[in-house]
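> I'd like to ask some things about the structure below.
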Amino acid sequence: MADVKTWDDVKPADRGNHRLKRWTLPGLLCIADAAHAMSPVGGVGVNLAVQDAVATANLLAAKLINGCRRKRTGCSSACRREFPVRMTQTMQVVVQNNIISVALKPGDRPLTAPLFARIINAVPWLQGITARFVGLGVRPSMCHSLEAANP
């Protein structure tokens with residue numbers, strides 16, 4: 001605290017979109033923030049974390065119950081989840097660069113929403129798609145691990 005003299009000395013932590021190049025090693029599978037740190041834009045980080053866990057449970061439940069010890073088991077989970085993570089992070093960057101950063105720029109001009117945001121707001125079915133994307137994400141995971149474990 002001794003180094004903080006004014007608010008100019010206070011900087012937010014770098015909380016950008018980061019992703020591991022490899023989510024797996026023998027005996028290790030990284031999911032959620034361990035594999036991909038998310039920006040707080042949209043508040044979807046927890047959604048992706050839960051979906052990572054569900055996808056992993058779906059792939060590993062039967063294998064763990066039946067004693068399968070294949071080394072590359074976690075790779076399937078990482079491969080399935082990488083596309084949704086990339087898409088979500090891309091959309092977070094679009095929102096950050098085109099809405100949030102524009103709104104935070106100092107100036108006297110009136111604040112207007114970007115064209116794509118105005119179109120989404122004007123078309124009800126586009127609002128539904130946007131809400132689904134934020135709420136469920138890309139390629140949502142549904143829990144099937146119990147069925148897989150007990151065929």
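In the structure tokens, each chain is lettered A, B, ... as it comes, each chain's residues begin at 1, and ligands are numbered from 1 in order of appearance.
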Please return as a ChimeraX atom specification: the residues of chain A that backbone DSSP assigns to strand (DSSP E).
/A:18-19,24-25,28-29,36-37
> Near range 117-128 of chain A, counting only C-alpha atoms, which residues have an atom at most 12 Å away, once you skip same-chain residues fewer than 3 positions from it, shown as a list of chain:residue names?
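My reading of the contact set: A:Val94, A:Val95, A:Asn98, A:Ile99, A:Ile100, A:Thr112, A:Ala113, A:Pro114, A:Ala131, A:Arg132, A:Phe133, A:Val134, A:Gly135, A:Leu136.
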> Please list as a list in words every residue within 12 Å of Pro84 in chain A, counting only C-alpha atoms and excluding residues in the same chain fewer than 6 positions away.
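So, after excluding close chain neighbours, the residues are Ala32, His36, Val44, Gly45, Asn47, Leu48, Ala49, Gln51, Asp52, Ala55, Ser77, Ala78, Thr90, Met91, Phe133, Val134, Leu136, Gly137, Val138, Arg139, Pro140 and Ser141 of chain A.
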> Choose the residue, out of A:Thr130, A:Val85, A:Asp8, A:Ile65, that has the smallest atom-to-atom separation from Val46 in chain A; count only C-alpha atoms.
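Checking each of A:Thr130, A:Val85, A:Asp8, A:Ile65 against Val46 in chain A, counting only C-alpha atoms, the winner is A:Val85.
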> Check the smallest atom-to-atom distance from each of A:Ala57, A:Cys75, A:Met142, A:Ala2 to Leu25 in chain A using only C-alpha atoms, then report the winner.
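That would be A:Cys75, the residue with the smallest distance to Leu25 in chain A.
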> Taking 2 positions as the minimum chain separation for residues in the same chain, which residues sit within 9 Å of Arg19 in chain A when counting only C-alpha atoms? Answer as a list of chain:residue names.
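Listing them by chain and then by number gives A:Asn17, A:Lys21, A:Arg22, A:Trp23, A:Asp33, A:Ala34, A:Ala35, A:His36, A:Ala37, A:Met38, A:Val85, A:Arg86.
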> Those residues with C-alpha atoms, as a PDB file, in the first residue's frame please?

```pdb
ATOM      1  CA  ASN A  17      -8.251 -14.415 -22.638  1.00  0.00           C
ATOM      2  CA  LYS A  21      -1.451 -24.761 -26.063  1.00  0.00           C
ATOM      3  CA  ARG A  22      -1.739 -28.254 -24.539  1.00  0.00           C
ATOM      4  CA  TRP A  23      -4.382 -29.129 -21.980  1.00  0.00           C
ATOM      5  CA  ASP A  33      -9.258 -21.695 -15.555  1.00  0.00           C
ATOM      6  CA  ALA A  34      -6.302 -24.075 -15.461  1.00  0.00           C
ATOM      7  CA  ALA A  35      -6.700 -24.567 -19.225  1.00  0.00           C
ATOM      8  CA  HIS A  36      -8.230 -21.255 -20.292  1.00  0.00           C
ATOM      9  CA  ALA A  37      -8.541 -18.063 -18.260  1.00  0.00           C
ATOM     10  CA  MET A  38     -11.523 -16.048 -19.400  1.00  0.00           C
ATOM     11  CA  VAL A  85     -13.517 -21.849 -25.615  1.00  0.00           C
ATOM     12  CA  ARG A  86     -12.006 -20.252 -28.736  1.00  0.00           C
TER      13      ARG A  86
END
```
